[in-house]
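One structure is given here, and the rest of the page talks about it.
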Amino acid sequence: MSMEQLIELQGIDTKLKDLNDLLGDLPSKVQGLNEQEDSIKSSLVENKKRLKELEVELHKKEIDISQIDGKVNTLKDQLFLVTNNKQYDALMKEVDHQKDKKSVFENESIDLLEEKEQLVGSVESMESELKDLSEDLSKRREKLESAISESADEKSILEKERQKRIDKIDLNIVSVYDRVMGARDGLAVVHVEGTGCGGCGAHIPPQTVTEVRAETRIHRCDICSRFLYNQEKVVN
Ligand SMILES: [Zn+2]
């Protein structure tokens, strides 16, 4: 075999790698955005649920407070009917007690109102965040889907081409090629640049350079193990 098949194989594998790299980023981005969207959606559900609870609690506090007001009014009316100090003191004590209860309820109402205010604010900002995110996400999903379908055709063509080359290359060479591909970030076939390896830059002995040019046999770089070819032999 000549180096030609290996050079072509490398070209195909580089294109396949580019295709995968292109997709490689997009799916994980879309997935990340999906997760973000889900988490905002579930926080929104939680917050809205809590808001409803707060409304109920606040309403209950209002009723409690107005009941106390009613009691205090009744107690005050009774003050006019008392006949001795003891009765008066007892009534006043009860009035104070009711007033204390009222102020506890009022403080609780204030806390609930503050919580409600904060929640309303965060629900608003979450809703606008979600809107932006969903827009971004739908664009990226579209892009991903079209990229996948576009690249699917290209990928299957490239894979068929790849198989054609593989069939022509000695199995031992293919297995070395695969190993070097894995170890050298998808680049297993490089040209000789002057007297250096086009992959790692290591010096190539003049004798080897001459042999690479003459294509007497297959050579690999001693340092990075990549297959070497003569620069003039560029195949597209
Ligand atoms: Zn090298």
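Chain identifiers are assigned as A, B, and so on, following the order in which chains appear in the structure tokens; residues are numbered from 1 within each chain, and ligands are numbered from 1 in order of appearance.
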Determine, for each residue of chain A having at least one atom at most 7 Å from an atom of ligand 1, the closest pair of atoms and their separation in Å to one decimal, counting only C-alpha atoms and all ligand atoms; order by chain and ascending number, as a tab-separated table.
residue	atom	partner	partner_atom_place_in_ligand_line	distance
A:Cys197	CA	ligand 1	1 (Zn)	4.6
A:Gly198	CA	ligand 1	1 (Zn)	6.6
A:Gly199	CA	ligand 1	1 (Zn)	4.9
A:Cys200	CA	ligand 1	1 (Zn)	4.1
A:Gly201	CA	ligand 1	1 (Zn)	5.8
A:Ala202	CA	ligand 1	1 (Zn)	5.3
A:Cys221	CA	ligand 1	1 (Zn)	4.5
A:Asp222	CA	ligand 1	1 (Zn)	6.6
A:Ile223	CA	ligand 1	1 (Zn)	5.1
A:Cys224	CA	ligand 1	1 (Zn)	4.1
A:Ser225	CA	ligand 1	1 (Zn)	6.1
A:Arg226	CA	ligand 1	1 (Zn)	5.8
**Item:** Spatial neighbours of A:Glu161, max dist 12 Å, only C-alpha atoms, sep filter under 2 positions, as a PyMOL selection string
**Value:** chain A and resi 5+8-13+15-16+154-159+163-168
Put those residues in a file: N, CA and C atoms, as a PDB file, in the first residue's frame.
ATOM      1  N   GLN A   5      -3.593   6.107   1.046  1.00  0.00           N
ATOM      2  CA  GLN A   5      -4.788   5.690   1.794  1.00  0.00           C
ATOM      3  C   GLN A   5      -4.769   6.214   3.240  1.00  0.00           C
ATOM      4  N   GLU A   8      -5.503   9.883   3.230  1.00  0.00           N
ATOM      5  CA  GLU A   8      -6.933  10.094   3.019  1.00  0.00           C
ATOM      6  C   GLU A   8      -7.736   9.705   4.258  1.00  0.00           C
ATOM      7  N   LEU A   9      -7.338   8.611   4.888  1.00  0.00           N
ATOM      8  CA  LEU A   9      -8.013   8.170   6.105  1.00  0.00           C
ATOM      9  C   LEU A   9      -7.929   9.247   7.189  1.00  0.00           C
ATOM     10  N   GLN A  10      -6.722   9.818   7.306  1.00  0.00           N
ATOM     11  CA  GLN A  10      -6.550  10.887   8.284  1.00  0.00           C
ATOM     12  C   GLN A  10      -7.463  12.074   7.956  1.00  0.00           C
ATOM     13  N   GLY A  11      -7.551  12.400   6.672  1.00  0.00           N
ATOM     14  CA  GLY A  11      -8.408  13.516   6.260  1.00  0.00           C
ATOM     15  C   GLY A  11      -9.858  13.280   6.637  1.00  0.00           C
ATOM     16  N   ILE A  12     -10.319  12.055   6.402  1.00  0.00           N
ATOM     17  CA  ILE A  12     -11.705  11.706   6.732  1.00  0.00           C
ATOM     18  C   ILE A  12     -11.918  11.757   8.244  1.00  0.00           C
ATOM     19  N   ASP A  13     -10.967  11.188   8.978  1.00  0.00           N
ATOM     20  CA  ASP A  13     -11.109  11.174  10.437  1.00  0.00           C
ATOM     21  C   ASP A  13     -11.077  12.582  11.028  1.00  0.00           C
ATOM     22  N   LYS A  15     -12.223  15.225   9.511  1.00  0.00           N
ATOM     23  CA  LYS A  15     -13.562  15.789   9.257  1.00  0.00           C
ATOM     24  C   LYS A  15     -14.592  15.229  10.235  1.00  0.00           C
ATOM     25  N   LEU A  16     -14.490  13.927  10.501  1.00  0.00           N
ATOM     26  CA  LEU A  16     -15.417  13.308  11.459  1.00  0.00           C
ATOM     27  C   LEU A  16     -15.241  13.914  12.856  1.00  0.00           C
ATOM     28  N   GLU A 154     -23.711  13.916   6.444  1.00  0.00           N
ATOM     29  CA  GLU A 154     -22.282  14.058   6.192  1.00  0.00           C
ATOM     30  C   GLU A 154     -21.509  12.941   6.890  1.00  0.00           C
ATOM     31  N   LYS A 155     -21.946  12.640   8.106  1.00  0.00           N
ATOM     32  CA  LYS A 155     -21.267  11.631   8.897  1.00  0.00           C
ATOM     33  C   LYS A 155     -21.359  10.255   8.229  1.00  0.00           C
ATOM     34  N   SER A 156     -22.555   9.928   7.736  1.00  0.00           N
ATOM     35  CA  SER A 156     -22.692   8.584   7.161  1.00  0.00           C
ATOM     36  C   SER A 156     -21.894   8.473   5.855  1.00  0.00           C
ATOM     37  N   ILE A 157     -21.841   9.583   5.095  1.00  0.00           N
ATOM     38  CA  ILE A 157     -21.009   9.570   3.886  1.00  0.00           C
ATOM     39  C   ILE A 157     -19.541   9.363   4.265  1.00  0.00           C
ATOM     40  N   LEU A 158     -19.100  10.134   5.265  1.00  0.00           N
ATOM     41  CA  LEU A 158     -17.701  10.037   5.697  1.00  0.00           C
ATOM     42  C   LEU A 158     -17.378   8.643   6.227  1.00  0.00           C
ATOM     43  N   GLU A 159     -18.326   8.069   6.948  1.00  0.00           N
ATOM     44  CA  GLU A 159     -18.062   6.743   7.498  1.00  0.00           C
ATOM     45  C   GLU A 159     -17.933   5.672   6.407  1.00  0.00           C
ATOM     46  N   GLN A 163     -14.578   3.486   5.590  1.00  0.00           N
ATOM     47  CA  GLN A 163     -14.524   2.032   5.470  1.00  0.00           C
ATOM     48  C   GLN A 163     -13.807   1.610   4.183  1.00  0.00           C
ATOM     49  N   LYS A 164     -14.080   2.348   3.101  1.00  0.00           N
ATOM     50  CA  LYS A 164     -13.412   2.051   1.820  1.00  0.00           C
ATOM     51  C   LYS A 164     -11.895   2.104   1.966  1.00  0.00           C
ATOM     52  N   ARG A 165     -11.410   3.139   2.681  1.00  0.00           N
ATOM     53  CA  ARG A 165      -9.956   3.276   2.871  1.00  0.00           C
ATOM     54  C   ARG A 165      -9.428   2.150   3.747  1.00  0.00           C
ATOM     55  N   ILE A 166     -10.165   1.891   4.831  1.00  0.00           N
ATOM     56  CA  ILE A 166      -9.733   0.868   5.776  1.00  0.00           C
ATOM     57  C   ILE A 166      -9.562  -0.481   5.057  1.00  0.00           C
ATOM     58  N   ASP A 167     -10.510  -0.784   4.154  1.00  0.00           N
ATOM     59  CA  ASP A 167     -10.460  -2.057   3.436  1.00  0.00           C
ATOM     60  C   ASP A 167      -9.178  -2.211   2.617  1.00  0.00           C
ATOM     61  N   LYS A 168      -8.607  -1.086   2.230  1.00  0.00           N
ATOM     62  CA  LYS A 168      -7.408  -1.137   1.387  1.00  0.00           C
ATOM     63  C   LYS A 168      -6.116  -1.168   2.202  1.00  0.00           C
TER      64      LYS A 168
END
**Request:** Give the strand (DSSP E) residues of stretch 12-213 of chain A, as DSSP finds them on the backbone, and put them as a list of chain:residue names.
**Result:**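 Filtering stretch 12-213 of chain A down to strand (DSSP E) leaves A:Val189, A:Val190, A:His191, A:Val192, A:Glu193, A:Gly196, A:Cys197.
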Those residues you just picked out, can you put them in a file as a tab-separated table (two decimals), in the first residue's frame with C-alpha atoms?
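Heads up, here's the output in selection.tsv:
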chain	number	residue	atom	x	y	z
A	189	VAL	CA	-0.58	11.06	9.89
A	190	VAL	CA	1.63	14.11	9.42
A	191	HIS	CA	3.96	15.41	6.79
A	192	VAL	CA	7.66	16.02	7.21
A	193	GLU	CA	8.39	19.71	7.59
A	196	GLY	CA	11.16	17.86	11.42
A	197	CYS	CA	8.06	15.86	12.28
**Asked** Could you pull the residues within 12 Å of A:Val72, counting only C-alpha atoms, minus those fewer than 6 positions along the same chain, as a PyMOL selection string?
**Response** chain A and resi 65-66+78-79+91-102
Deliver the residues from the most recent selection as a file, using C-alpha atoms, as an mmCIF file, in the first residue's frame.
data_model
loop_
_atom_site.group_PDB
_atom_site.id
_atom_site.type_symbol
_atom_site.label_atom_id
_atom_site.label_comp_id
_atom_site.auth_asym_id
_atom_site.auth_seq_id
_atom_site.Cartn_x
_atom_site.Cartn_y
_atom_site.Cartn_z
ATOM 1 C CA ILE A 65 -56.867 40.556 64.860
ATOM 2 C CA SER A 66 -60.397 41.725 64.172
ATOM 3 C CA GLN A 78 -68.102 45.977 80.452
ATOM 4 C CA LEU A 79 -65.802 48.436 82.239
ATOM 5 C CA LEU A 91 -61.213 43.378 83.151
ATOM 6 C CA MET A 92 -58.230 45.655 82.551
ATOM 7 C CA LYS A 93 -55.910 42.686 82.882
ATOM 8 C CA GLU A 94 -57.899 40.831 80.264
ATOM 9 C CA VAL A 95 -57.831 43.898 77.984
ATOM 10 C CA ASP A 96 -54.040 44.052 78.319
ATOM 11 C CA HIS A 97 -53.794 40.357 77.639
ATOM 12 C CA GLN A 98 -55.852 40.720 74.462
ATOM 13 C CA LYS A 99 -53.744 43.705 73.376
ATOM 14 C CA ASP A 100 -50.571 41.665 73.865
ATOM 15 C CA LYS A 101 -52.036 38.887 71.765
ATOM 16 C CA LYS A 102 -52.966 41.408 69.099
#
**Request:** Would you please work out which residue, of A:Ile204, A:Leu23, A:Leu44, A:Val123, is nearest to A:His219 when using only C-alpha atoms?
**Result:**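 For A:His219, the nearest of the given residues is A:Ile204.
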**Asked** Hey, which of A:Leu133, A:Val82, A:Ile63, A:Leu75 ends up closest to A:Ile40? Count only C-alpha atoms.
**Response** A:Leu133
**Message:** Report as a list in words all protein, DNA and RNA residues lying within 12 Å of A:Glu129, evaluated on only C-alpha atoms, omitting residues in the same chain fewer than 3 positions from it.
**Reply:** Leu33, Gln36, Glu37, Ser39, Ile40, Lys41, Leu44, Ser122, Val123, Glu124, Ser125, Met126, Asp132, Leu133, Ser134, Glu135, Asp136 and Leu137 of chain A
Write out as a short mmCIF file (atom, residue, chain, number, x, y, z; two decimals) with C-alpha atoms, in the first residue's frame each polymer residue whose atoms come within 12 Å of A:Leu144, counting only C-alpha atoms; drop sequence neighbours fewer than 5 positions from it.
data_model
loop_
_atom_site.label_atom_id
_atom_site.label_comp_id
_atom_site.auth_asym_id
_atom_site.auth_seq_id
_atom_site.Cartn_x
_atom_site.Cartn_y
_atom_site.Cartn_z
CA LEU A 22 -19.18 20.82 16.57
CA LEU A 23 -21.98 18.80 18.13
CA GLY A 24 -20.01 17.97 21.23
CA ASP A 25 -20.47 21.43 22.63
CA LEU A 26 -24.05 22.08 21.60
CA PRO A 27 -25.77 19.07 23.20
CA SER A 28 -24.16 19.73 26.56
CA LYS A 29 -25.12 23.41 26.37
CA VAL A 30 -28.71 22.53 25.52
CA GLN A 31 -28.74 20.00 28.33
CA LEU A 137 -33.12 27.44 24.64
CA SER A 138 -35.56 27.11 21.77
CA LYS A 139 -33.03 28.75 19.43
CA SER A 149 -29.66 16.16 10.94
CA GLU A 150 -27.20 17.99 8.71
CA SER A 151 -24.20 16.26 10.16
CA ALA A 152 -25.94 12.88 10.14
#
